>>> print(open('query_19.cif').read())   # mmCIF, C-alpha atoms
data_structure
#
loop_
_atom_site.label_atom_id
_atom_site.label_comp_id
_atom_site.auth_asym_id
_atom_site.auth_seq_id
_atom_site.Cartn_x
_atom_site.Cartn_y
_atom_site.Cartn_z
CA MET O 16 23.52 10.83 -26.71
CA LEU O 17 22.17 10.89 -23.20
CA ARG O 18 22.09 7.50 -21.53
CA LYS O 19 19.75 6.96 -18.63
CA THR O 20 17.82 4.11 -17.08
CA LEU O 21 14.13 3.95 -17.92
CA LEU O 22 12.01 2.49 -15.16
CA ILE O 23 9.39 0.58 -17.10
CA GLY O 24 6.25 -0.53 -15.24
CA THR O 25 3.98 2.30 -14.17
CA PRO O 26 4.31 6.10 -14.17
CA SER O 27 5.45 7.72 -10.94
CA ARG O 28 2.95 9.59 -8.81
CA ARG O 29 4.80 12.81 -9.63
CA ALA O 30 3.80 12.31 -13.25
CA LEU O 31 0.10 12.43 -12.46
CA THR O 32 -1.68 15.71 -13.15
CA PRO O 33 -5.32 16.78 -13.13
CA LEU O 34 -5.21 16.51 -16.91
CA ILE O 35 -4.13 12.88 -16.77
CA GLY O 36 -6.84 12.20 -14.20
CA LEU O 37 -9.40 13.68 -16.57
CA LEU O 38 -8.07 11.65 -19.49
CA THR O 39 -8.23 8.49 -17.42
CA LEU O 40 -11.80 9.20 -16.38
CA VAL O 41 -12.74 9.66 -20.02
CA ALA O 42 -11.00 6.37 -20.81
CA ALA O 43 -12.92 4.59 -18.08
CA LEU O 44 -16.17 5.86 -19.55
CA LEU O 45 -15.21 4.83 -23.08
CA VAL O 46 -13.80 1.38 -22.43
CA THR O 47 -16.34 -1.40 -22.15
CA ALA O 48 -16.09 -4.75 -20.42
CA SER O 49 -16.10 -6.58 -23.73
CA PRO O 50 -12.77 -7.78 -25.11
CA ALA O 51 -14.05 -7.39 -28.67
CA HIS O 52 -13.00 -4.36 -30.73
CA ALA O 53 -14.05 -3.19 -34.16
CA ASP O 54 -10.51 -3.78 -35.45
CA VAL O 55 -8.37 -6.36 -33.70
CA ALA O 56 -5.73 -6.59 -36.43
CA PRO O 57 -2.28 -6.68 -34.80
CA PHE O 58 0.34 -4.03 -35.43
CA GLU O 59 3.90 -5.01 -36.29
CA LEU O 60 6.60 -2.67 -35.08
CA ARG O 61 9.75 -2.25 -37.13
CA PRO O 62 11.83 -5.46 -37.06
CA LEU O 63 14.82 -5.25 -34.75
CA VAL O 64 16.77 -7.68 -36.95
CA PRO O 65 15.49 -7.34 -40.52
CA ALA O 66 15.73 -10.15 -43.04
CA GLY O 67 18.59 -9.93 -45.51
CA ALA O 68 22.04 -11.14 -46.38
CA ASP O 69 23.46 -9.68 -43.17
CA TYR O 70 20.76 -11.16 -40.93
CA GLN O 71 23.05 -13.48 -38.96
CA ASP O 72 25.65 -10.74 -38.45
CA ARG O 73 23.01 -8.31 -37.19
CA LEU O 74 21.48 -10.95 -34.93
CA LYS O 75 24.87 -11.71 -33.39
CA ALA O 76 25.55 -8.00 -32.92
CA GLU O 77 22.23 -7.59 -31.12
CA VAL O 78 23.00 -10.45 -28.74
CA ASP O 79 26.66 -9.56 -28.20
CA HIS O 80 25.65 -6.00 -27.29
CA TRP O 81 24.43 -7.33 -23.95
CA THR O 82 27.59 -7.71 -21.93
CA LEU O 83 27.48 -8.49 -18.22
CA GLY O 84 27.84 -4.81 -17.49
CA LYS O 85 24.89 -3.78 -19.66
CA MET O 86 22.74 -6.54 -18.18
CA ALA O 87 23.60 -5.47 -14.65
CA ASP O 88 22.86 -1.83 -15.42
CA ALA O 89 19.49 -2.57 -17.02
CA GLY O 90 18.33 -5.54 -14.98
CA LEU O 91 19.44 -5.21 -11.35
CA ASP O 92 18.12 -2.89 -8.66
CA LYS O 93 19.82 0.41 -7.97
CA GLU O 94 20.29 -0.12 -4.24
CA ASP O 95 23.28 -2.45 -4.64
CA ALA O 96 21.54 -4.79 -2.22
CA ASP O 97 20.15 -8.30 -2.46
CA ALA O 98 16.44 -9.04 -2.14
CA THR O 99 15.08 -9.18 1.41
CA PRO O 100 12.02 -11.25 2.41
CA PRO O 101 9.38 -10.14 4.91
CA PRO O 102 10.30 -10.87 8.57
CA GLY O 103 8.14 -13.98 8.50
CA GLY O 104 9.57 -15.22 5.21
CA TRP O 105 8.36 -15.14 1.64
CA ASP O 106 4.63 -15.74 1.15
CA ASP O 107 2.02 -16.13 -1.59
CA LEU O 108 2.19 -12.39 -2.29
CA SER O 109 5.66 -13.05 -3.69
CA LYS O 110 8.27 -15.74 -3.27
CA PRO O 111 11.22 -17.08 -5.28
CA TRP O 112 10.48 -19.92 -7.65
CA PRO O 113 12.90 -22.83 -7.05
CA ARG O 114 15.67 -22.78 -9.65
CA GLY O 115 15.31 -25.52 -12.21
CA GLN O 116 11.91 -26.73 -10.99
CA GLY O 117 9.56 -27.66 -13.79
CA LEU O 118 8.80 -26.19 -17.19
CA VAL O 119 8.26 -22.62 -16.02
CA SER O 120 11.89 -22.39 -14.87
CA ARG O 121 12.80 -22.69 -18.57
CA THR O 122 9.99 -20.82 -20.33
CA ALA O 123 9.89 -17.77 -18.03
CA GLY O 124 12.72 -15.35 -18.64
CA LYS O 125 14.03 -11.83 -18.50
CA LEU O 126 13.98 -9.28 -21.31
CA PHE O 127 16.70 -6.64 -21.58
CA MET O 128 15.83 -3.58 -23.64
CA GLU O 129 17.59 -0.53 -24.99
CA TYR O 130 15.24 2.29 -25.94
CA THR O 131 15.52 5.34 -28.13
CA ASP O 132 13.42 8.43 -27.48
CA VAL O 133 11.55 9.14 -30.72
CA ASP O 134 11.65 12.90 -30.14
CA THR O 135 15.13 13.48 -28.72
CA GLY O 136 17.21 10.42 -29.64
CA ALA O 137 18.15 9.86 -26.00
CA VAL O 138 19.08 6.26 -25.12
CA SER O 139 17.79 4.43 -22.04
CA THR O 140 17.67 0.86 -20.76
CA SER O 141 15.38 -1.33 -18.70
CA SER O 142 14.22 -4.91 -18.18
CA CYS O 143 10.93 -6.79 -18.31
CA SER O 144 9.71 -10.37 -18.09
CA GLY O 145 8.38 -12.75 -20.72
CA ASN O 146 7.36 -16.34 -21.33
CA VAL O 147 7.81 -18.86 -24.15
CA VAL O 148 4.49 -20.29 -25.36
CA THR O 149 3.66 -23.10 -27.74
CA SER O 150 3.39 -21.88 -31.33
CA ALA O 151 3.58 -23.13 -34.90
CA ASN O 152 7.07 -21.70 -35.41
CA ARG O 153 8.18 -22.52 -31.83
CA SER O 154 9.68 -19.02 -31.58
CA VAL O 155 7.05 -16.89 -29.78
CA VAL O 156 7.56 -15.11 -26.45
CA LEU O 157 4.67 -13.17 -24.88
CA THR O 158 5.23 -9.99 -22.88
CA ALA O 159 3.68 -6.56 -22.24
CA ALA O 160 3.33 -4.01 -25.03
CA HIS O 161 4.76 -1.27 -22.83
CA CYS O 162 8.06 -3.17 -22.75
CA LEU O 163 8.35 -2.41 -26.49
CA ARG O 164 6.66 0.94 -26.98
CA VAL O 165 5.39 3.72 -24.70
CA HIS O 166 4.01 7.13 -25.57
CA THR O 167 2.27 8.72 -22.60
CA PRO O 168 -0.10 11.66 -23.16
CA LEU O 169 1.73 14.96 -23.70
CA ASP O 170 4.97 13.01 -23.08
CA ILE O 171 4.24 13.09 -19.33
CA GLY O 172 5.76 10.16 -17.46
CA PHE O 173 7.71 7.98 -19.90
CA GLY O 174 7.54 10.29 -22.89
CA ASN O 175 7.85 8.74 -26.33
CA VAL O 176 10.18 5.73 -26.49
CA VAL O 177 10.57 2.60 -28.61
CA ALA O 178 12.79 -0.45 -28.13
CA THR O 179 15.70 -0.51 -30.57
CA ASN O 180 17.62 -3.48 -29.13
CA MET O 181 16.14 -6.35 -27.13
CA VAL O 182 17.16 -9.81 -26.00
CA PHE O 183 15.38 -12.56 -24.07
CA VAL O 184 17.12 -14.81 -21.54
CA PRO O 185 14.93 -17.84 -20.69
CA GLY O 186 15.57 -19.22 -17.22
CA PHE O 187 17.64 -16.14 -16.34
CA ASP O 188 19.58 -16.66 -13.09
CA GLY O 189 21.25 -13.52 -11.74
CA THR O 190 22.93 -15.19 -8.77
CA ASN O 191 26.40 -14.81 -10.32
CA LEU O 192 25.78 -11.55 -12.19
CA PRO O 193 28.23 -8.98 -10.74
CA ARG O 194 26.85 -5.54 -10.06
CA ASP O 195 29.83 -3.80 -11.61
CA PRO O 196 31.55 -6.29 -13.89
CA ALA O 197 34.72 -5.16 -15.62
CA GLY O 198 35.37 -5.52 -19.31
CA THR O 199 33.05 -6.71 -22.03
CA ARG O 200 32.44 -10.30 -20.96
CA LEU O 201 29.27 -11.97 -22.17
CA PRO O 202 26.99 -14.02 -19.87
CA GLY O 203 27.76 -17.71 -19.46
CA ARG O 204 25.48 -20.66 -18.84
CA ASP O 205 25.31 -19.90 -15.13
CA ILE O 206 23.39 -16.70 -15.95
CA ALA O 207 21.82 -17.71 -19.27
CA PRO O 208 21.40 -21.50 -18.98
CA TYR O 209 19.50 -21.72 -22.29
CA GLY O 210 21.36 -18.98 -24.10
CA VAL O 211 20.66 -15.36 -25.00
CA TRP O 212 18.05 -14.91 -27.74
CA GLY O 213 17.78 -11.85 -29.92
CA VAL O 214 14.34 -10.36 -30.52
CA THR O 215 13.89 -10.13 -34.27
CA ARG O 216 10.25 -9.18 -34.87
CA GLN O 217 7.59 -7.67 -32.60
CA TRP O 218 3.82 -7.19 -32.60
CA ILE O 219 1.57 -5.17 -30.31
CA THR O 220 -2.21 -4.90 -30.07
CA ARG O 221 -4.06 -2.56 -32.41
CA THR O 222 -5.26 -0.39 -29.52
CA TRP O 223 -1.74 -0.09 -28.07
CA SER O 224 -0.50 1.08 -31.47
CA GLN O 225 -3.12 3.82 -31.31
CA SER O 226 -2.76 4.64 -27.61
CA ALA O 227 0.61 3.41 -26.33
CA ASP O 228 -0.28 3.97 -22.69
CA TRP O 229 -2.50 2.54 -19.96
CA LEU O 230 -5.56 4.58 -20.87
CA LEU O 231 -7.02 2.80 -23.90
CA GLY O 232 -4.29 0.47 -25.16
CA ARG O 233 -4.41 -3.30 -24.57
CA ASP O 234 -1.02 -3.97 -22.97
CA MET O 235 0.20 -7.17 -24.64
CA ALA O 236 2.87 -8.03 -27.17
CA ALA O 237 4.38 -11.05 -28.90
CA VAL O 238 7.98 -11.20 -30.11
CA LEU O 239 9.95 -13.68 -32.17
CA VAL O 240 13.39 -14.71 -30.93
CA ASP O 241 16.40 -16.33 -32.56
CA ASN O 242 19.84 -17.44 -31.35
CA PRO O 243 22.94 -16.87 -33.49
CA ASP O 244 24.68 -19.76 -31.72
CA ASP O 245 21.87 -22.35 -31.92
CA PRO O 246 19.99 -23.35 -35.09
CA ARG O 247 17.04 -24.70 -33.12
CA PRO O 248 13.94 -22.61 -32.33
CA ILE O 249 13.60 -21.62 -28.70
CA GLY O 250 10.64 -23.98 -28.19
CA ALA O 251 12.91 -26.91 -29.00
CA VAL O 252 15.33 -25.76 -26.30
CA THR O 253 13.03 -24.66 -23.46
CA GLY O 254 9.64 -26.08 -24.35
CA GLY O 255 6.61 -23.79 -24.22
CA GLN O 256 3.62 -23.15 -21.97
CA GLN O 257 0.14 -23.63 -23.40
CA VAL O 258 -1.70 -20.39 -24.20
CA ALA O 259 -5.46 -19.78 -24.33
CA PHE O 260 -7.76 -16.84 -25.01
CA ASP O 261 -11.08 -15.60 -23.59
CA GLN O 262 -10.78 -17.99 -20.67
CA PRO O 263 -13.05 -17.79 -17.62
CA GLN O 264 -11.95 -15.21 -15.07
CA ASN O 265 -12.09 -15.12 -11.27
CA ARG O 266 -9.87 -18.20 -11.04
CA THR O 267 -6.73 -19.12 -9.12
CA GLY O 268 -3.65 -17.85 -10.90
CA HIS O 269 0.14 -17.92 -10.63
CA LEU O 270 1.96 -14.83 -11.89
CA PHE O 271 5.68 -15.10 -12.70
CA GLY O 272 8.21 -12.31 -13.18
CA TYR O 273 11.53 -10.73 -12.30
CA PRO O 274 10.73 -7.76 -9.98
CA THR O 275 13.56 -5.26 -9.90
CA ILE O 276 12.69 -1.65 -9.05
CA ASN O 277 12.22 -0.80 -5.38
CA GLU O 278 11.56 2.93 -5.60
CA ARG O 279 8.15 1.95 -7.01
CA ASN O 280 7.83 -1.23 -4.97
CA TYR O 281 4.63 -0.84 -2.96
CA TYR O 282 5.94 -3.23 -0.29
CA ARG O 283 9.24 -1.40 0.28
CA PRO O 284 10.28 -0.53 3.85
CA GLY O 285 8.48 2.50 5.19
CA ASN O 286 5.50 2.12 2.88
CA VAL O 287 3.71 -0.83 4.49
CA PRO O 288 3.68 -2.48 7.93
CA THR O 289 6.92 -4.21 8.86
CA ALA O 290 5.42 -7.69 8.52
CA LEU O 291 4.78 -7.11 4.80
CA GLN O 292 7.98 -5.29 3.84
CA ARG O 293 10.24 -6.82 1.21
CA THR O 294 12.68 -5.74 -1.51
CA PHE O 295 13.73 -7.17 -4.87
CA ASP O 296 17.00 -7.26 -6.79
CA GLY O 297 16.06 -8.43 -10.30
CA ARG O 298 18.13 -11.59 -9.98
CA SER O 299 15.43 -14.21 -9.38
CA LEU O 300 12.17 -15.46 -10.85
CA MET O 301 9.37 -14.74 -8.38
CA VAL O 302 5.82 -16.08 -8.24
CA THR O 303 2.61 -14.62 -6.84
CA GLN O 304 -0.30 -16.95 -6.14
CA GLY O 305 -3.93 -16.05 -5.52
CA THR O 306 -7.40 -15.55 -6.95
CA ALA O 307 -7.45 -13.20 -9.92
CA ARG O 308 -10.68 -11.22 -10.00
CA SER O 309 -12.11 -9.72 -13.17
CA ASP O 310 -11.76 -5.98 -13.77
CA PRO O 311 -14.98 -5.16 -15.69
CA VAL O 312 -13.62 -1.89 -17.09
CA TYR O 313 -10.27 -2.88 -18.56
CA TYR O 314 -10.98 -6.62 -18.94
CA ASN O 315 -7.93 -7.37 -16.79
CA ASP O 316 -7.17 -10.01 -14.16
CA VAL O 317 -6.43 -8.34 -10.82
CA MET O 318 -4.92 -10.16 -7.85
CA ALA O 319 -3.30 -9.22 -4.56
CA GLY O 320 0.43 -9.45 -5.05
CA ALA O 321 3.76 -8.04 -3.96
CA GLN O 322 6.04 -7.72 -6.95
CA SER O 323 7.50 -4.59 -8.52
CA PRO O 324 8.37 -3.12 -11.93
CA GLY O 325 10.60 -5.51 -13.80
CA CYS O 326 7.94 -8.22 -13.67
CA SER O 327 6.04 -6.40 -16.43
CA GLY O 328 5.17 -8.87 -19.18
CA GLY O 329 5.36 -11.87 -16.86
CA ALA O 330 2.96 -14.73 -17.45
CA LEU O 331 -0.31 -15.24 -15.58
CA LEU O 332 -0.95 -18.99 -15.62
CA GLN O 333 -4.17 -20.85 -14.79
CA ASN O 334 -4.43 -24.57 -13.99
CA PHE O 335 -0.84 -24.42 -12.80
CA ASP O 336 0.81 -27.56 -11.46
CA PRO O 337 3.73 -26.62 -9.16
CA ALA O 338 5.19 -30.12 -9.42
CA THR O 339 5.66 -29.95 -13.19
CA GLY O 340 5.77 -26.17 -13.61
CA THR O 341 3.09 -26.32 -16.31
CA GLY O 342 -0.02 -24.25 -16.80
CA VAL O 343 -2.04 -22.31 -19.35
CA GLN O 344 -1.10 -18.70 -19.99
CA VAL O 345 -4.18 -16.46 -19.92
CA GLY O 346 -2.61 -13.05 -19.27
CA VAL O 347 0.51 -10.89 -19.09
CA PHE O 348 1.33 -8.61 -16.19
CA SER O 349 0.67 -4.99 -17.10
CA ARG O 350 0.46 -2.59 -14.15
CA TYR O 351 -0.36 -1.99 -10.51
CA ASP O 352 -3.87 -1.03 -9.48
CA ASP O 353 -4.48 1.28 -6.56
CA PRO O 354 -6.93 -0.13 -3.97
CA ALA O 355 -8.86 3.15 -4.02
CA GLN O 356 -9.59 3.04 -7.74
CA ILE O 357 -13.19 3.51 -8.79
CA ILE O 358 -14.22 1.60 -11.93
CA GLY O 359 -10.67 1.91 -13.18
CA LEU O 360 -10.17 5.61 -12.37
CA LEU O 361 -6.42 6.14 -12.02
CA GLY O 362 -6.08 2.39 -12.40
CA TRP O 363 -2.50 2.81 -13.60
CA VAL O 364 -1.24 4.17 -10.27
CA GLN O 365 1.05 1.80 -8.37
CA GLY O 366 -0.58 -0.24 -5.62
CA PRO O 367 -0.69 -3.66 -3.98
CA ASN O 368 -3.00 -5.16 -6.61
CA MET O 369 -1.31 -6.62 -9.67
CA SER O 370 -3.26 -6.23 -12.91
CA ALA O 371 -2.64 -8.54 -15.87
CA THR O 372 -3.98 -8.00 -19.39
CA HIS O 373 -6.46 -10.84 -19.92
CA LEU O 374 -5.83 -12.50 -23.27
CA GLY O 375 -8.83 -11.90 -25.52
CA ALA O 376 -9.55 -11.19 -29.18
CA GLU O 377 -6.90 -8.51 -29.70
CA GLU O 378 -4.26 -10.56 -27.96
CA GLN O 379 -5.14 -13.66 -29.95
CA ALA O 380 -4.69 -11.71 -33.19
CA VAL O 381 -1.21 -10.68 -32.03
CA TYR O 382 -0.29 -14.25 -31.13
CA GLU O 383 -1.61 -15.65 -34.42
CA ALA O 384 0.40 -13.14 -36.43
CA ALA O 385 3.56 -13.99 -34.52
CA GLN O 386 3.20 -17.75 -34.74
CA ALA O 387 2.54 -17.61 -38.49
CA ALA O 388 5.60 -15.51 -39.24
CA GLY O 389 9.24 -16.27 -39.85
CA VAL O 390 11.79 -15.05 -37.32
CA ALA O 391 13.32 -12.78 -39.97
#
>>> encode(input="query_19.cif", output="structure tokens")
Amino acid sequence: MLRKTLLIGTPSRRALTPLIGLLTLVAALLVTASPAHADVAPFELRPLVPAGADYQDRLKAEVDHWTLGKMADAGLDKEDADATPPPGGWDDLSKPWPRGQGLVSRTAGKLFMEYTDVDTGAVSTSSCSGNVVTSANRSVVLTAAHCLRVHTPLDIGFGNVVATNMVFVPGFDGTNLPRDPAGTRLPGRDIAPYGVWGVTRQWITRTWSQSADWLLGRDMAAVLVDNPDDPRPIGAVTGGQQVAFDQPQNRTGHLFGYPTINERNYYRPGNVPTALQRTFDGRSLMVTQGTARSDPVYYNDVMAGAQSPGCSGGALLQNFDPATGTGVQVGVFSRYDDPAQIIGLLGWVQGPNMSATHLGAEEQAVYEAAQAAGVA
């Protein structure tokens, strides 16, 4: 099978066609500002580790698949270069979160995914971000739906792919992750301080199951995780951030993620003035701070920010206390909005504005299904 790297986040500008522009315009006219939908029932994708007598063996195989080499290939930038701050230093548009500071340094983490193309069988890899939230089963991680499933119109852009292997690394620290590690070594506590957790079950919103793209689908997912080497649920190991739905918008927010891909980094050298230029390497948790305004078309939270693909699925927290690293999750990062967009037209084009799916009725249904379920 063909192996390639899938750059999850937003479609490239080359993928845009007049047809897609027309489809997006139609979507903008159809989508209303209300978060309510006629059917908000969540959709469960096929379990990655099904229940059964061989559950523990399959869970261990899923986790052990992710050697240092596979993590480096899927989760680090392709420039073989470390992140570089703007000339004046990191700012509120994006800056590293201090390692080990507060709850968010444990609940925020990096997802590593292997995808299979539904039509061709081709295999690809990528990485996203996620966050552990409080839940009845203490096993729920929130992320973006496009990190699990994407089917762009007419297979333009990402085509038709679904995750077939996925792990979550809370508190991921890539400082000591070699770019080209030899052998089949697995990550140690320096890279995965709270272990590597296999994704067992996964839910997406009803609209994303019907339109697995950024036109009509609500881009949010919840996954359950389990660790073959630790009998405790992840919430007992890392703790969890509070989560809330239909919260007031136009508030100060902190958005956390692991930006990785620089070819679609709006703030890369040559694309913006020198004072704003910066690059990312996928090694570190970054935070963007600012006022998140309401997008009345897609019911998203949009804020000025300088992160890049790889931070998809990262948590948007309100009422965040930097001293304790605690807040209330009200959204998940979804895409980049172009500053020239008109009522959402071509709102999925990369740009300096970061757009997070605001957690509403559909997203609450996804969360409730996940927290009520067993990990297998």
>>> closest_residue(input="query_19.cif", among="O:Met181, O:Leu118, O:Val238, O:Met301", to="Gly254 in chain O", atoms="all atoms listed in the file")
O:Leu118
>>> atom_distance(input="query_19.cif", atom1="CA of Gln225 in chain O", atom2="CA of Phe58 in chain O")
9.5 Å
>>> resolve_selection(input="query_19.cif", expression="the PyMOL selection byres ((chain O and resi 120) around 12)", output="JSON, numbers by chain")
{"O": [111, 112, 113, 114, 115, 116, 117, 118, 119, 121, 122, 123, 124, 125, 145, 146, 147, 184, 185, 186, 187, 188, 207, 208, 209, 253, 254, 255, 256, 271, 272, 273, 299, 300, 301, 302, 337, 338, 339, 340, 341]}
>>> residues_around(input="query_19.cif", residues="Lys85 in chain O", least_positions_apart="6", cutoff="10 Å", atoms="only C-alpha atoms", output="PyMOL selection string")
chain O and resi 127-129+140-141+194-196+199+201
>>> atom_distance(input="query_19.cif", atom1="CA of Ser142 in chain O", atom2="CA of Cys162 in chain O")
7.9 Å
>>> closest_residue(input="query_19.cif", among="O:Arg308, O:Arg216, O:Arg153, O:His161", to="Cys326 in chain O", atoms="only C-alpha atoms")
O:His161
>>> atom_distance(input="query_19.cif", atom1="CA of Leu83 in chain O", atom2="CA of Thr190 in chain O")
12.4 Å
>>> resolve_selection(input="query_19.cif", expression="the PyMOL selection byres ((chain O and resi 191) around 10)", output="PyMOL selection string")
chain O and resi 188-190+192-194+202-203+205-206+298
>>> residues_around(input="query_19.cif", residues="Gly389 in chain O", least_positions_apart="4", cutoff="9 Å", atoms="all atoms listed in the file", output="list in words")
Asn152, Ser154, Arg216, Leu239 and Ala385 of chain O
>>> closest_residue(input="query_19.cif", among="O:Asn265, O:Gln322, O:Thr215, O:Ser309", to="Tyr282 in chain O", atoms="only C-alpha atoms")
O:Gln322
>>> residues_near_point(input="query_19.cif", point="(16.7, -1.8, -24.4)", cutoff="12 Å", atoms="all atoms listed in the file", output="PyMOL selection string")
chain O and resi 18-23+63+77-78+80-81+85-86+88-90+125-132+137-143+162-164+176-183+213-214
>>> closest_residue(input="query_19.cif", among="O:Thr82, O:Ser327, O:Asn315, O:Thr149", to="Gln262 in chain O", atoms="all atoms listed in the file")
O:Asn315
>>> closest_residue(input="query_19.cif", among="O:Pro65, O:Pro168, O:Gly305, O:Gly346", to="Arg266 in chain O", atoms="all atoms listed in the file")
O:Gly305
>>> residues_around(input="query_19.cif", residues="Ala259 in chain O", least_positions_apart="6", cutoff="9 Å", atoms="all atoms listed in the file", output="PyMOL selection string")
chain O and resi 343-346+374-375+379
>>> write_last_selection(input="query_19.cif", atoms="C-alpha atoms", output="mmCIF file, in the coordinates of the input")
data_model
loop_
_atom_site.group_PDB
_atom_site.id
_atom_site.type_symbol
_atom_site.label_atom_id
_atom_site.label_comp_id
_atom_site.auth_asym_id
_atom_site.auth_seq_id
_atom_site.Cartn_x
_atom_site.Cartn_y
_atom_site.Cartn_z
ATOM 1 C CA VAL O 343 -2.040 -22.310 -19.350
ATOM 2 C CA GLN O 344 -1.100 -18.700 -19.990
ATOM 3 C CA VAL O 345 -4.180 -16.460 -19.920
ATOM 4 C CA GLY O 346 -2.610 -13.050 -19.270
ATOM 5 C CA LEU O 374 -5.830 -12.500 -23.270
ATOM 6 C CA GLY O 375 -8.830 -11.900 -25.520
ATOM 7 C CA GLN O 379 -5.140 -13.660 -29.950
#
>>> residues_near_point(input="query_19.cif", point="(6.2, -17.1, 0.2)", cutoff="12 Å", atoms="all atoms listed in the file", output="PyMOL selection string")
chain O and resi 99-113+291+293+301-305+320-322
>>> closest_residue(input="query_19.cif", among="O:Gly329, O:Gly174, O:Gly342, O:Gly136", to="Asp234 in chain O", atoms="all atoms listed in the file")
O:Gly329
>>> residues_around(input="query_19.cif", residues="Ala380 in chain O", least_positions_apart="2", cutoff="8 Å", atoms="only C-alpha atoms", output="ChimeraX atom specification")
/O:55-57,220,376-378,382-384
